[in-house]
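Source file model-v1.cif; content: mmCIF, C-alpha atoms.
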```
data_work
#
loop_
_atom_site.group_PDB
_atom_site.id
_atom_site.type_symbol
_atom_site.label_atom_id
_atom_site.label_comp_id
_atom_site.auth_asym_id
_atom_site.auth_seq_id
_atom_site.Cartn_x
_atom_site.Cartn_y
_atom_site.Cartn_z
ATOM 1 C CA MET A 532 -4.787 -17.674 -9.383
ATOM 2 C CA SER A 533 -1.386 -18.910 -10.415
ATOM 3 C CA GLY A 534 -0.616 -22.415 -9.247
ATOM 4 C CA GLU A 535 3.124 -21.926 -9.540
ATOM 5 C CA SER A 536 5.456 -22.346 -6.602
ATOM 6 C CA ALA A 537 5.619 -19.217 -4.485
ATOM 7 C CA THR A 538 9.397 -18.968 -4.567
ATOM 8 C CA SER A 539 12.580 -20.392 -5.960
ATOM 9 C CA ASN A 540 14.694 -18.688 -3.299
ATOM 10 C CA ASP A 541 12.116 -18.618 -0.529
ATOM 11 C CA ALA A 542 14.698 -19.880 1.911
ATOM 12 C CA GLN A 543 16.239 -16.412 1.811
ATOM 13 C CA ALA A 544 13.092 -14.876 3.252
ATOM 14 C CA SER A 545 13.041 -14.946 7.026
ATOM 15 C CA SER A 546 9.653 -15.848 8.467
ATOM 16 C CA SER A 547 8.211 -16.375 11.896
ATOM 17 C CA GLN A 548 7.469 -19.959 12.772
ATOM 18 C CA THR A 549 4.239 -19.220 14.575
ATOM 19 C CA THR A 550 0.905 -18.312 13.143
ATOM 20 C CA SER A 551 -1.870 -16.404 14.802
ATOM 21 C CA PRO A 552 -5.533 -15.965 14.031
ATOM 22 C CA ALA A 553 -6.511 -12.621 12.537
ATOM 23 C CA THR A 554 -10.070 -11.430 12.789
ATOM 24 C CA ASN A 555 -12.102 -8.587 11.354
ATOM 25 C CA GLY A 556 -15.215 -9.206 13.382
ATOM 26 C CA TRP A 557 -16.678 -11.821 11.043
ATOM 27 C CA THR A 558 -14.176 -14.598 10.545
ATOM 28 C CA GLN A 559 -10.632 -15.747 11.270
ATOM 29 C CA ARG A 560 -7.704 -16.754 9.090
ATOM 30 C CA LYS A 561 -4.134 -17.643 10.002
ATOM 31 C CA THR A 562 -1.281 -15.382 8.969
ATOM 32 C CA GLU A 563 2.487 -15.568 8.977
ATOM 33 C CA GLU A 564 4.962 -12.711 9.390
ATOM 34 C CA ILE A 565 7.849 -12.711 6.920
ATOM 35 C CA GLU A 566 10.897 -10.577 6.207
ATOM 36 C CA ILE A 567 12.277 -10.026 2.705
ATOM 37 C CA PRO A 568 15.940 -8.945 2.562
ATOM 38 C CA VAL A 569 16.725 -5.686 0.726
ATOM 39 C CA PRO A 570 20.019 -3.744 0.543
ATOM 40 C CA TRP A 571 19.019 -1.316 3.324
ATOM 41 C CA GLY A 572 17.494 -3.928 5.668
ATOM 42 C CA ILE A 573 14.207 -5.790 5.372
ATOM 43 C CA VAL A 574 10.736 -5.391 3.935
ATOM 44 C CA ALA A 575 8.259 -6.832 6.416
ATOM 45 C CA GLY A 576 5.144 -8.602 5.271
ATOM 46 C CA LYS A 577 2.125 -10.561 6.356
ATOM 47 C CA TRP A 578 1.336 -13.719 4.384
ATOM 48 C CA TRP A 579 -2.259 -14.922 4.268
ATOM 49 C CA GLY A 580 -3.075 -18.436 3.051
ATOM 50 C CA PRO A 581 -1.000 -21.267 1.554
ATOM 51 C CA ARG A 582 2.732 -20.784 1.060
ATOM 52 C CA ASN A 583 2.953 -23.229 -1.873
ATOM 53 C CA LYS A 584 1.136 -20.888 -4.254
ATOM 54 C CA GLN A 585 2.223 -17.576 -5.719
ATOM 55 C CA PRO A 586 0.368 -14.886 -3.761
ATOM 56 C CA VAL A 587 -1.357 -11.690 -4.651
ATOM 57 C CA LEU A 588 1.071 -8.899 -3.688
ATOM 58 C CA ALA A 589 -0.924 -6.347 -1.671
ATOM 59 C CA ILE A 590 0.375 -2.798 -1.227
ATOM 60 C CA HIS A 591 -0.986 -0.222 1.203
ATOM 61 C CA GLY A 592 -1.468 3.514 0.897
ATOM 62 C CA TRP A 593 0.894 6.317 1.885
ATOM 63 C CA GLN A 594 1.687 6.319 5.638
ATOM 64 C CA ASP A 595 -0.519 3.232 6.194
ATOM 65 C CA ASN A 596 0.880 -0.304 6.513
ATOM 66 C CA ALA A 597 0.097 -3.946 5.720
ATOM 67 C CA GLY A 598 -2.605 -3.897 8.399
ATOM 68 C CA THR A 599 -4.806 -1.979 5.965
ATOM 69 C CA PHE A 600 -5.850 -5.373 4.537
ATOM 70 C CA ASP A 601 -6.501 -7.034 7.907
ATOM 71 C CA ARG A 602 -10.284 -6.855 7.576
ATOM 72 C CA LEU A 603 -10.499 -7.695 3.876
ATOM 73 C CA CYS A 604 -8.211 -10.731 3.711
ATOM 74 C CA PRO A 605 -10.212 -12.861 6.185
ATOM 75 C CA LEU A 606 -13.247 -12.474 3.895
ATOM 76 C CA LEU A 607 -11.416 -13.954 0.896
ATOM 77 C CA PRO A 608 -11.255 -17.712 0.232
ATOM 78 C CA ASP A 609 -8.512 -19.613 2.057
ATOM 79 C CA GLU A 610 -7.055 -20.856 -1.217
ATOM 80 C CA ILE A 611 -6.178 -17.298 -2.290
ATOM 81 C CA PRO A 612 -2.757 -16.470 -0.795
ATOM 82 C CA ILE A 613 -1.947 -12.811 -0.210
ATOM 83 C CA LEU A 614 1.337 -11.191 0.767
ATOM 84 C CA ALA A 615 0.668 -7.753 2.240
ATOM 85 C CA ILE A 616 3.876 -5.750 2.674
ATOM 86 C CA ASP A 617 4.947 -2.691 4.626
ATOM 87 C CA LEU A 618 6.572 -0.235 2.231
ATOM 88 C CA PRO A 619 10.024 1.094 3.268
ATOM 89 C CA GLY A 620 9.769 3.395 6.267
ATOM 90 C CA HIS A 621 6.294 2.068 7.102
ATOM 91 C CA GLY A 622 5.099 -0.474 9.639
ATOM 92 C CA LYS A 623 7.751 -3.065 10.483
ATOM 93 C CA SER A 624 9.921 -2.463 7.405
ATOM 94 C CA SER A 625 13.364 -0.876 7.627
ATOM 95 C CA HIS A 626 13.678 2.877 7.251
ATOM 96 C CA TYR A 627 15.974 4.267 4.587
ATOM 97 C CA PRO A 628 19.427 5.222 5.889
ATOM 98 C CA VAL A 629 20.100 8.848 6.813
ATOM 99 C CA GLY A 630 20.980 10.754 3.658
ATOM 100 C CA MET A 631 18.510 8.895 1.428
ATOM 101 C CA HIS A 632 15.272 10.513 0.306
ATOM 102 C CA TYR A 633 11.923 8.754 0.010
ATOM 103 C CA TYR A 634 10.988 9.154 -3.618
ATOM 104 C CA ILE A 635 8.218 6.858 -2.494
ATOM 105 C CA PHE A 636 6.423 6.690 -5.812
ATOM 106 C CA TRP A 637 9.360 5.699 -8.048
ATOM 107 C CA ASP A 638 11.028 3.714 -5.281
ATOM 108 C CA GLY A 639 7.841 1.720 -4.863
ATOM 109 C CA ILE A 640 7.858 0.506 -8.461
ATOM 110 C CA ALA A 641 11.460 -0.647 -8.061
ATOM 111 C CA LEU A 642 10.548 -2.317 -4.769
ATOM 112 C CA ILE A 643 7.858 -4.416 -6.444
ATOM 113 C CA ARG A 644 10.458 -5.457 -9.012
ATOM 114 C CA ARG A 645 12.887 -6.445 -6.250
ATOM 115 C CA ILE A 646 10.237 -8.616 -4.590
ATOM 116 C CA VAL A 647 9.185 -10.240 -7.861
ATOM 117 C CA LYS A 648 12.802 -11.097 -8.649
ATOM 118 C CA HIS A 649 13.499 -12.295 -5.109
ATOM 119 C CA PHE A 650 10.695 -14.851 -5.293
ATOM 120 C CA ALA A 651 11.140 -15.511 -9.052
ATOM 121 C CA TRP A 652 7.446 -14.896 -9.688
ATOM 122 C CA SER A 653 5.816 -14.753 -13.103
ATOM 123 C CA ASN A 654 2.346 -13.577 -14.173
ATOM 124 C CA VAL A 655 2.175 -11.265 -11.188
ATOM 125 C CA ILE A 656 -1.107 -10.326 -9.514
ATOM 126 C CA LEU A 657 -1.190 -7.055 -7.559
ATOM 127 C CA MET A 658 -3.701 -5.380 -5.253
ATOM 128 C CA GLY A 659 -3.256 -1.859 -3.973
ATOM 129 C CA HIS A 660 -5.072 0.841 -2.092
ATOM 130 C CA SER A 661 -4.417 4.504 -2.915
ATOM 131 C CA LEU A 662 -0.622 4.803 -3.342
ATOM 132 C CA GLY A 663 -0.478 1.010 -3.549
ATOM 133 C CA GLY A 664 -2.992 1.077 -6.398
ATOM 134 C CA ALA A 665 -0.936 3.689 -8.230
ATOM 135 C CA LEU A 666 2.195 1.557 -7.808
ATOM 136 C CA SER A 667 0.334 -1.488 -9.140
ATOM 137 C CA PHE A 668 -0.824 0.568 -12.131
ATOM 138 C CA MET A 669 2.700 1.744 -12.908
ATOM 139 C CA TYR A 670 4.232 -1.693 -12.521
ATOM 140 C CA ALA A 671 1.630 -3.091 -14.927
ATOM 141 C CA ALA A 672 2.539 -0.330 -17.387
ATOM 142 C CA ALA A 673 6.286 -0.872 -16.975
ATOM 143 C CA TYR A 674 6.029 -4.672 -17.363
ATOM 144 C CA PRO A 675 2.856 -5.190 -19.400
ATOM 145 C CA ASP A 676 3.692 -8.779 -20.405
ATOM 146 C CA GLN A 677 4.543 -9.902 -16.861
ATOM 147 C CA VAL A 678 1.430 -8.821 -14.971
ATOM 148 C CA GLU A 679 -1.633 -11.050 -15.006
ATOM 149 C CA SER A 680 -3.976 -8.591 -13.289
ATOM 150 C CA PHE A 681 -4.249 -5.916 -10.642
ATOM 151 C CA ILE A 682 -6.888 -4.581 -8.293
ATOM 152 C CA SER A 683 -6.897 -0.878 -7.491
ATOM 153 C CA ILE A 684 -8.924 0.551 -4.609
ATOM 154 C CA ASP A 685 -10.071 4.175 -4.836
ATOM 155 C CA ILE A 686 -7.429 5.362 -7.255
ATOM 156 C CA ALA A 687 -7.218 5.138 -11.042
ATOM 157 C CA GLY A 688 -3.473 5.624 -11.445
ATOM 158 C CA PRO A 689 -0.862 8.045 -10.131
ATOM 159 C CA PRO A 690 -2.587 11.268 -9.073
ATOM 160 C CA ALA A 691 -2.206 13.837 -11.826
ATOM 161 C CA ARG A 692 -0.723 16.950 -10.235
ATOM 162 C CA ASP A 693 -0.255 20.540 -11.326
ATOM 163 C CA HIS A 694 3.458 20.875 -12.072
ATOM 164 C CA ARG A 695 3.397 24.560 -11.102
ATOM 165 C CA GLU A 696 2.260 23.607 -7.611
ATOM 166 C CA GLN A 697 5.034 21.016 -7.354
ATOM 167 C CA ALA A 698 7.629 23.540 -8.465
ATOM 168 C CA ALA A 699 6.378 26.119 -5.959
ATOM 169 C CA ASN A 700 6.641 23.666 -3.031
ATOM 170 C CA LEU A 701 9.886 21.870 -3.915
ATOM 171 C CA GLY A 702 12.320 23.983 -1.889
ATOM 172 C CA GLU A 703 10.148 23.986 1.217
ATOM 173 C CA SER A 704 9.711 20.196 0.963
ATOM 174 C CA ILE A 705 13.458 19.589 0.804
ATOM 175 C CA ASP A 706 14.100 21.850 3.804
ATOM 176 C CA ARG A 707 11.424 20.087 5.849
ATOM 177 C CA PHE A 708 12.880 16.713 4.891
ATOM 178 C CA LEU A 709 16.336 17.776 6.068
ATOM 179 C CA HIS A 710 14.824 19.083 9.301
ATOM 180 C CA TYR A 711 13.264 15.699 10.085
ATOM 181 C CA GLU A 712 16.503 13.950 9.102
ATOM 182 C CA LYS A 713 18.460 15.892 11.728
ATOM 183 C CA LEU A 714 15.834 15.514 14.438
ATOM 184 C CA PRO A 715 17.439 13.593 17.354
ATOM 185 C CA GLU A 716 15.664 10.486 18.631
ATOM 186 C CA SER A 717 15.102 12.255 21.928
ATOM 187 C CA LYS A 718 12.716 14.606 20.089
ATOM 188 C CA THR A 719 10.572 11.779 18.692
ATOM 189 C CA PRO A 720 6.973 12.519 19.772
ATOM 190 C CA CYS A 721 5.617 9.966 22.265
ATOM 191 C CA TYR A 722 2.000 9.559 23.310
ATOM 192 C CA LYS A 723 -0.296 7.683 25.602
ATOM 193 C CA TYR A 724 -2.069 4.986 23.616
ATOM 194 C CA GLU A 725 -5.442 6.749 23.659
ATOM 195 C CA ASP A 726 -3.877 10.051 22.603
ATOM 196 C CA ALA A 727 -1.954 8.425 19.739
ATOM 197 C CA VAL A 728 -5.099 6.766 18.415
ATOM 198 C CA ASP A 729 -6.978 10.068 18.629
ATOM 199 C CA VAL A 730 -4.205 11.849 16.687
ATOM 200 C CA VAL A 731 -4.348 9.278 13.890
ATOM 201 C CA HIS A 732 -8.139 9.208 13.803
ATOM 202 C CA ALA A 733 -8.270 12.984 13.406
ATOM 203 C CA ALA A 734 -5.571 12.954 10.710
ATOM 204 C CA TYR A 735 -7.636 10.655 8.478
ATOM 205 C CA GLU A 736 -10.500 13.180 8.489
ATOM 206 C CA GLY A 737 -13.318 10.650 8.531
ATOM 207 C CA SER A 738 -11.809 8.102 6.125
ATOM 208 C CA VAL A 739 -11.425 5.503 8.901
ATOM 209 C CA ASP A 740 -13.319 4.622 12.061
ATOM 210 C CA MET A 741 -11.708 4.122 15.457
ATOM 211 C CA GLN A 742 -11.577 0.332 15.116
ATOM 212 C CA SER A 743 -9.726 0.702 11.805
ATOM 213 C CA VAL A 744 -7.219 3.069 13.399
ATOM 214 C CA GLU A 745 -6.480 0.528 16.118
ATOM 215 C CA ILE A 746 -5.941 -2.160 13.468
ATOM 216 C CA LEU A 747 -3.473 0.050 11.583
ATOM 217 C CA MET A 748 -1.659 0.948 14.781
ATOM 218 C CA ARG A 749 -0.854 -2.709 15.532
ATOM 219 C CA ARG A 750 1.945 -2.226 13.005
ATOM 220 C CA GLY A 751 2.013 1.544 13.105
ATOM 221 C CA MET A 752 3.003 2.124 16.738
ATOM 222 C CA SER A 753 5.861 0.830 18.887
ATOM 223 C CA SER A 754 6.694 0.967 22.565
ATOM 224 C CA ALA A 755 8.621 4.069 23.556
ATOM 225 C CA LEU A 756 9.787 2.297 26.700
ATOM 226 C CA ALA A 757 11.680 -0.327 24.693
ATOM 227 C CA ARG A 758 13.445 2.200 22.460
ATOM 228 C CA PHE A 759 13.668 5.480 24.351
ATOM 229 C CA ASN A 760 13.155 4.334 27.949
ATOM 230 C CA LYS A 761 10.121 6.610 28.081
ATOM 231 C CA PRO A 762 6.499 5.664 28.780
ATOM 232 C CA GLY A 763 3.981 5.531 25.961
ATOM 233 C CA TYR A 764 4.137 4.907 22.233
ATOM 234 C CA TYR A 765 5.669 6.452 19.139
ATOM 235 C CA PHE A 766 4.686 6.150 15.487
ATOM 236 C CA ALA A 767 6.819 3.486 13.841
ATOM 237 C CA ARG A 768 6.866 5.051 10.378
ATOM 238 C CA ASP A 769 9.790 7.241 9.381
ATOM 239 C CA LEU A 770 9.118 10.903 10.196
ATOM 240 C CA ARG A 771 10.686 11.813 6.836
ATOM 241 C CA LEU A 772 7.647 10.310 5.090
ATOM 242 C CA LYS A 773 5.763 13.458 6.029
ATOM 243 C CA VAL A 774 7.580 15.172 3.156
ATOM 244 C CA ALA A 775 8.336 12.278 0.798
ATOM 245 C CA LEU A 776 9.242 13.625 -2.641
ATOM 246 C CA MET A 777 6.736 11.689 -4.695
ATOM 247 C CA GLY A 778 7.543 13.062 -8.158
ATOM 248 C CA MET A 779 3.982 12.902 -9.448
ATOM 249 C CA LEU A 780 3.080 12.863 -13.128
ATOM 250 C CA GLY A 781 0.893 15.143 -15.199
ATOM 251 C CA LEU A 782 -2.358 13.808 -16.669
ATOM 252 C CA GLU A 783 -0.872 13.293 -20.142
ATOM 253 C CA GLN A 784 1.913 11.156 -18.670
ATOM 254 C CA VAL A 785 -0.561 9.104 -16.633
ATOM 255 C CA ILE A 786 -2.666 8.504 -19.767
ATOM 256 C CA ALA A 787 0.429 7.416 -21.710
ATOM 257 C CA HIS A 788 1.184 4.787 -19.063
ATOM 258 C CA ALA A 789 -2.461 3.687 -18.886
ATOM 259 C CA GLU A 790 -2.415 2.890 -22.598
ATOM 260 C CA LYS A 791 0.484 0.439 -22.055
ATOM 261 C CA ILE A 792 -1.411 -1.779 -19.614
ATOM 262 C CA LYS A 793 -2.433 -5.137 -21.085
ATOM 263 C CA CYS A 794 -3.654 -7.143 -18.096
ATOM 264 C CA ARG A 795 -7.050 -7.550 -16.451
ATOM 265 C CA VAL A 796 -7.974 -4.672 -14.137
ATOM 266 C CA LEU A 797 -10.490 -4.374 -11.327
ATOM 267 C CA ASN A 798 -10.921 -0.767 -10.243
ATOM 268 C CA ILE A 799 -13.052 -0.139 -7.175
ATOM 269 C CA ARG A 800 -13.905 3.497 -6.656
ATOM 270 C CA ALA A 801 -15.334 4.448 -3.283
ATOM 271 C CA ASP A 802 -18.257 6.873 -3.192
ATOM 272 C CA PRO A 803 -17.640 9.537 -1.938
ATOM 273 C CA GLY A 804 -14.088 8.219 -1.430
ATOM 274 C CA ARG A 805 -11.245 10.593 -2.092
ATOM 275 C CA THR A 806 -11.827 13.914 -3.813
ATOM 276 C CA TRP A 807 -9.499 14.548 -6.769
ATOM 277 C CA GLU A 808 -8.291 17.970 -7.848
ATOM 278 C CA ASN A 809 -9.099 17.294 -11.503
ATOM 279 C CA PRO A 810 -12.577 15.730 -11.953
ATOM 280 C CA GLU A 811 -11.541 14.414 -15.368
ATOM 281 C CA TYR A 812 -8.629 12.457 -13.925
ATOM 282 C CA TYR A 813 -10.436 9.291 -12.867
ATOM 283 C CA PRO A 814 -12.659 8.651 -15.929
ATOM 284 C CA SER A 815 -9.877 9.638 -18.334
ATOM 285 C CA VAL A 816 -7.477 7.076 -16.900
ATOM 286 C CA ILE A 817 -10.095 4.314 -16.834
ATOM 287 C CA GLU A 818 -10.937 4.922 -20.501
ATOM 288 C CA ALA A 819 -7.266 5.005 -21.461
ATOM 289 C CA MET A 820 -6.675 1.605 -19.845
ATOM 290 C CA LYS A 821 -9.498 0.117 -21.901
ATOM 291 C CA LYS A 822 -7.526 0.713 -25.110
ATOM 292 C CA SER A 823 -5.054 -2.100 -24.435
ATOM 293 C CA ALA A 824 -6.096 -3.916 -21.258
ATOM 294 C CA ARG A 825 -7.580 -7.376 -21.630
ATOM 295 C CA GLU A 826 -10.460 -6.378 -19.361
ATOM 296 C CA VAL A 827 -11.290 -3.368 -17.205
ATOM 297 C CA ILE A 828 -13.970 -3.789 -14.554
ATOM 298 C CA TYR A 829 -14.939 -0.484 -12.963
ATOM 299 C CA LEU A 830 -17.157 -0.507 -9.867
ATOM 300 C CA GLN A 831 -18.416 2.417 -7.818
ATOM 301 C CA ILE A 832 -19.320 1.334 -4.290
ATOM 302 C CA PRO A 833 -20.503 3.452 -1.335
ATOM 303 C CA GLY A 834 -17.751 4.029 1.201
ATOM 304 C CA THR A 835 -14.851 6.164 2.327
ATOM 305 C CA HIS A 836 -11.367 6.218 0.805
ATOM 306 C CA HIS A 837 -10.518 3.294 3.128
ATOM 307 C CA ILE A 838 -13.554 1.232 2.107
ATOM 308 C CA HIS A 839 -11.488 -1.980 2.121
ATOM 309 C CA LEU A 840 -10.680 -1.444 5.805
ATOM 310 C CA VAL A 841 -13.875 0.154 7.126
ATOM 311 C CA ASN A 842 -16.424 -1.790 5.031
ATOM 312 C CA PRO A 843 -14.572 -4.759 3.494
ATOM 313 C CA GLU A 844 -17.785 -6.762 3.155
ATOM 314 C CA ARG A 845 -18.896 -4.336 0.441
ATOM 315 C CA ILE A 846 -16.025 -5.239 -1.870
ATOM 316 C CA SER A 847 -14.922 -8.747 -0.833
ATOM 317 C CA ILE A 848 -17.272 -10.566 -3.221
ATOM 318 C CA HIS A 849 -16.007 -8.519 -6.166
ATOM 319 C CA VAL A 850 -12.365 -9.098 -5.225
ATOM 320 C CA THR A 851 -13.021 -12.825 -4.758
ATOM 321 C CA ARG A 852 -14.802 -13.195 -8.082
ATOM 322 C CA PHE A 853 -12.055 -11.307 -9.925
ATOM 323 C CA LEU A 854 -9.264 -13.420 -8.403
ATOM 324 C CA ILE A 855 -11.056 -16.747 -8.771
ATOM 325 C CA GLU A 856 -11.576 -16.024 -12.481
ATOM 326 C CA GLN A 857 -7.786 -16.051 -12.864
#
```
So that I can check it, write out the structure of this file as structure tokens.
Amino acid sequence: MSGESATSNDAQASSSQTTSPATNGWTQRKTEEIEIPVPWGIVAGKWWGPRNKQPVLAIHGWQDNAGTFDRLCPLLPDEIPILAIDLPGHGKSSHYPVGMHYYIFWDGIALIRRIVKHFAWSNVILMGHSLGGALSFMYAAAYPDQVESFISIDIAGPPARDHREQAANLGESIDRFLHYEKLPESKTPCYKYEDAVDVVHAAYEGSVDMQSVEILMRRGMSSALARFNKPGYYFARDLRLKVALMGMLGLEQVIAHAEKIKCRVLNIRADPGRTWENPEYYPSVIEAMKKSAREVIYLQIPGTHHIHLVNPERISIHVTRFLIEQ
């Protein structure tokens, strides 16, 4: 872990003055809510551990939020600080203004850069699940001399997509995005708590258990009474994220970026985890990273795509060992 000061302009980041214990069923650890200013509002985050050390920047998957690390972080040593953020439009972070699209993949790389510059960090350490792992991968490729290491959970790099499929769906995606953009607040779906949790649980198709859904919904749901003067809850994430224009790469492009990565890498692949369209995608990217990376540790561990949330005890020792070796 870097022993450098966490920030040179930390005073610009708004943070709550109270801390609260967070538990995953095994242990507790205090956390602090923070807000990082960005041009369109704030990026919300949850800081685990000491504030006088540069943290691991933890990034969640698509349509999840910082709560995805709520059961893993308490299992890591207290001296390892972690800043888990909500990506734009997710959790407690600001939504993009009307008229802006979520090119969530490319925007995410720029967002990491904004945060790094805001805190004046060097030798960055990243940890990401799914989309967050792909963003960590791409940031390490874009800034190979400024990343110390990254941990990727159940993803090798950006998913390699068939460009013909993307081209076929582009027009429909834009029209759906514009539909959600024009949807009045009065049409925002609201649910009873139990119904909302059931909707989310079903949407994950077995990747998370009910307890994990409730953890995610601590940041993922808000009171409809406070905002709409209606009973129940609504999903806090931006509806437009349903059709975010990700701009995925082809396999050759992913490989080209993998070969630029120089840092240490811990890749944890869940088994069965997520199923990928191209079976060659995962091993090809791992091998490509080995060409230039200082070290690539690849582990296959039984679990679902959300192994870090459902069964964090299966990976915590590996994450701890990797970070302590920094």
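Evaluated against the shown file, the PyMOL selection byres ((chain A and resi 677) around 9) gives Ser653, Asn654, Val655, Ala671, Tyr674, Pro675, Asp676, Val678, Glu679 and Cys794 of chain A.
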Legend entry - Closest of A:Gly630, A:Gly639, A:Gly663, A:Gly781 to Asp693 of chain A - atom-to-atom distances counting all atoms listed in the file: A:Gly781
Inset, instruction - Could you tell me which residues the PyMOL selection byres ((chain A and resi 832) around 8) grabs in this file, written as a ChimeraX atom specification? - result: /A:799-802,830-831,833-834,845-846
Excluding same-chain residues fewer than 2 positions from Met631 of chain A, what lies within 12 Å of it counting all atoms listed in the file, as a tab-separated table (two decimals) with C-alpha atoms, keeping the file's coordinate frame?
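That gives us selection-v5.tsv:
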```
chain	number	residue	atom	x	y	z
A	571	TRP	CA	19.02	-1.32	3.32
A	619	PRO	CA	10.02	1.09	3.27
A	620	GLY	CA	9.77	3.40	6.27
A	626	HIS	CA	13.68	2.88	7.25
A	627	TYR	CA	15.97	4.27	4.59
A	628	PRO	CA	19.43	5.22	5.89
A	629	VAL	CA	20.10	8.85	6.81
A	633	TYR	CA	11.92	8.75	0.01
A	634	TYR	CA	10.99	9.15	-3.62
A	635	ILE	CA	8.22	6.86	-2.49
A	638	ASP	CA	11.03	3.71	-5.28
A	705	ILE	CA	13.46	19.59	0.80
A	708	PHE	CA	12.88	16.71	4.89
A	709	LEU	CA	16.34	17.78	6.07
A	712	GLU	CA	16.50	13.95	9.10
A	769	ASP	CA	9.79	7.24	9.38
A	771	ARG	CA	10.69	11.81	6.84
A	772	LEU	CA	7.65	10.31	5.09
A	775	ALA	CA	8.34	12.28	0.80
A	776	LEU	CA	9.24	13.62	-2.64
```
Result set of the PyMOL selection byres ((chain A and resi 606-611) around 12) on the coordinates above, as a tab-separated table (two decimals) with C-alpha atoms, in the frame of the given file:
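So the final result, stored in out.tsv, reads:
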```tsv
chain	number	residue	atom	x	y	z
A	532	MET	CA	-4.79	-17.67	-9.38
A	533	SER	CA	-1.39	-18.91	-10.42
A	534	GLY	CA	-0.62	-22.42	-9.25
A	553	ALA	CA	-6.51	-12.62	12.54
A	554	THR	CA	-10.07	-11.43	12.79
A	555	ASN	CA	-12.10	-8.59	11.35
A	556	GLY	CA	-15.22	-9.21	13.38
A	557	TRP	CA	-16.68	-11.82	11.04
A	558	THR	CA	-14.18	-14.60	10.54
A	559	GLN	CA	-10.63	-15.75	11.27
A	560	ARG	CA	-7.70	-16.75	9.09
A	561	LYS	CA	-4.13	-17.64	10.00
A	562	THR	CA	-1.28	-15.38	8.97
A	578	TRP	CA	1.34	-13.72	4.38
A	579	TRP	CA	-2.26	-14.92	4.27
A	580	GLY	CA	-3.08	-18.44	3.05
A	581	PRO	CA	-1.00	-21.27	1.55
A	582	ARG	CA	2.73	-20.78	1.06
A	583	ASN	CA	2.95	-23.23	-1.87
A	584	LYS	CA	1.14	-20.89	-4.25
A	585	GLN	CA	2.22	-17.58	-5.72
A	586	PRO	CA	0.37	-14.89	-3.76
A	587	VAL	CA	-1.36	-11.69	-4.65
A	588	LEU	CA	1.07	-8.90	-3.69
A	600	PHE	CA	-5.85	-5.37	4.54
A	601	ASP	CA	-6.50	-7.03	7.91
A	602	ARG	CA	-10.28	-6.86	7.58
A	603	LEU	CA	-10.50	-7.70	3.88
A	604	CYS	CA	-8.21	-10.73	3.71
A	605	PRO	CA	-10.21	-12.86	6.18
A	612	PRO	CA	-2.76	-16.47	-0.80
A	613	ILE	CA	-1.95	-12.81	-0.21
A	614	LEU	CA	1.34	-11.19	0.77
A	656	ILE	CA	-1.11	-10.33	-9.51
A	839	HIS	CA	-11.49	-1.98	2.12
A	840	LEU	CA	-10.68	-1.44	5.80
A	842	ASN	CA	-16.42	-1.79	5.03
A	843	PRO	CA	-14.57	-4.76	3.49
A	844	GLU	CA	-17.78	-6.76	3.16
A	845	ARG	CA	-18.90	-4.34	0.44
A	846	ILE	CA	-16.02	-5.24	-1.87
A	847	SER	CA	-14.92	-8.75	-0.83
A	848	ILE	CA	-17.27	-10.57	-3.22
A	849	HIS	CA	-16.01	-8.52	-6.17
A	850	VAL	CA	-12.36	-9.10	-5.22
A	851	THR	CA	-13.02	-12.82	-4.76
A	852	ARG	CA	-14.80	-13.20	-8.08
A	853	PHE	CA	-12.06	-11.31	-9.93
A	854	LEU	CA	-9.26	-13.42	-8.40
A	855	ILE	CA	-11.06	-16.75	-8.77
A	856	GLU	CA	-11.58	-16.02	-12.48
A	857	GLN	CA	-7.79	-16.05	-12.86
```
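Using only C-alpha atoms, the smallest distance between any of A:Glu811, A:His632, A:Ile828, A:Glu790 and Arg707 of chain A comes from A:His632.
Atom CA of Gly592 of chain A is positioned 23.3 Å from atom CA of Ser754 of chain A.
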Could you name the residues that touch Leu797 of chain A at 7 Å or less, counting only C-alpha atoms, but leaving out those on the same chain fewer than 3 positions away, as an mmCIF file with C-alpha atoms, in the frame of the given file?
```
data_model
loop_
_atom_site.group_PDB
_atom_site.id
_atom_site.type_symbol
_atom_site.label_atom_id
_atom_site.label_comp_id
_atom_site.auth_asym_id
_atom_site.auth_seq_id
_atom_site.Cartn_x
_atom_site.Cartn_y
_atom_site.Cartn_z
ATOM 1 C CA PHE A 681 -4.249 -5.916 -10.642
ATOM 2 C CA ILE A 682 -6.888 -4.581 -8.293
ATOM 3 C CA SER A 683 -6.897 -0.878 -7.491
ATOM 4 C CA VAL A 827 -11.290 -3.368 -17.205
ATOM 5 C CA ILE A 828 -13.970 -3.789 -14.554
ATOM 6 C CA TYR A 829 -14.939 -0.484 -12.963
#
```
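Comparing A:Leu780, A:Leu701, A:Ile616, A:Ala672 by their smallest distance to Tyr812 of chain A, the closest is A:Leu780 (using all atoms listed in the file).
Each of A:Ala641, A:Leu747, A:Ala597, A:Val739 was checked against Ser667 of chain A using all atoms listed in the file; the smallest atom-to-atom distance is that of A:Ala641.
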Inset, instruction - Using only C-alpha atoms, pick whichever of A:Gly688, A:Ser743, A:Ala734, A:Tyr765 has the shortest atom-to-atom distance to Ala819 of chain A. - result: A:Gly688
Inset, instruction - Could you check how far atom CA of Gly576 of chain A sits from atom CA of Glu564 of chain A, in Å to one decimal? - result: 5.8 Å
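Atom pair atom CA of Pro762 of chain A / atom CA of Val774 of chain A: separated by 27.4 Å.
Among A:Asn760, A:Ser661, A:Gln784, A:Thr835, the residue with the shortest atom-to-atom distance to Ser717 of chain A, counting only C-alpha atoms, is A:Asn760.
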Legend entry - Contacts of Met748 of chain A at 10 Å (only C-alpha atoms; same-chain gap of 6+ positions) as a list in words: Asp595, Asn596, Gly598, Thr599, Gly622, Tyr724, Ala727, Val728, Val731, Gln742, Phe766 and Ala767 of chain A
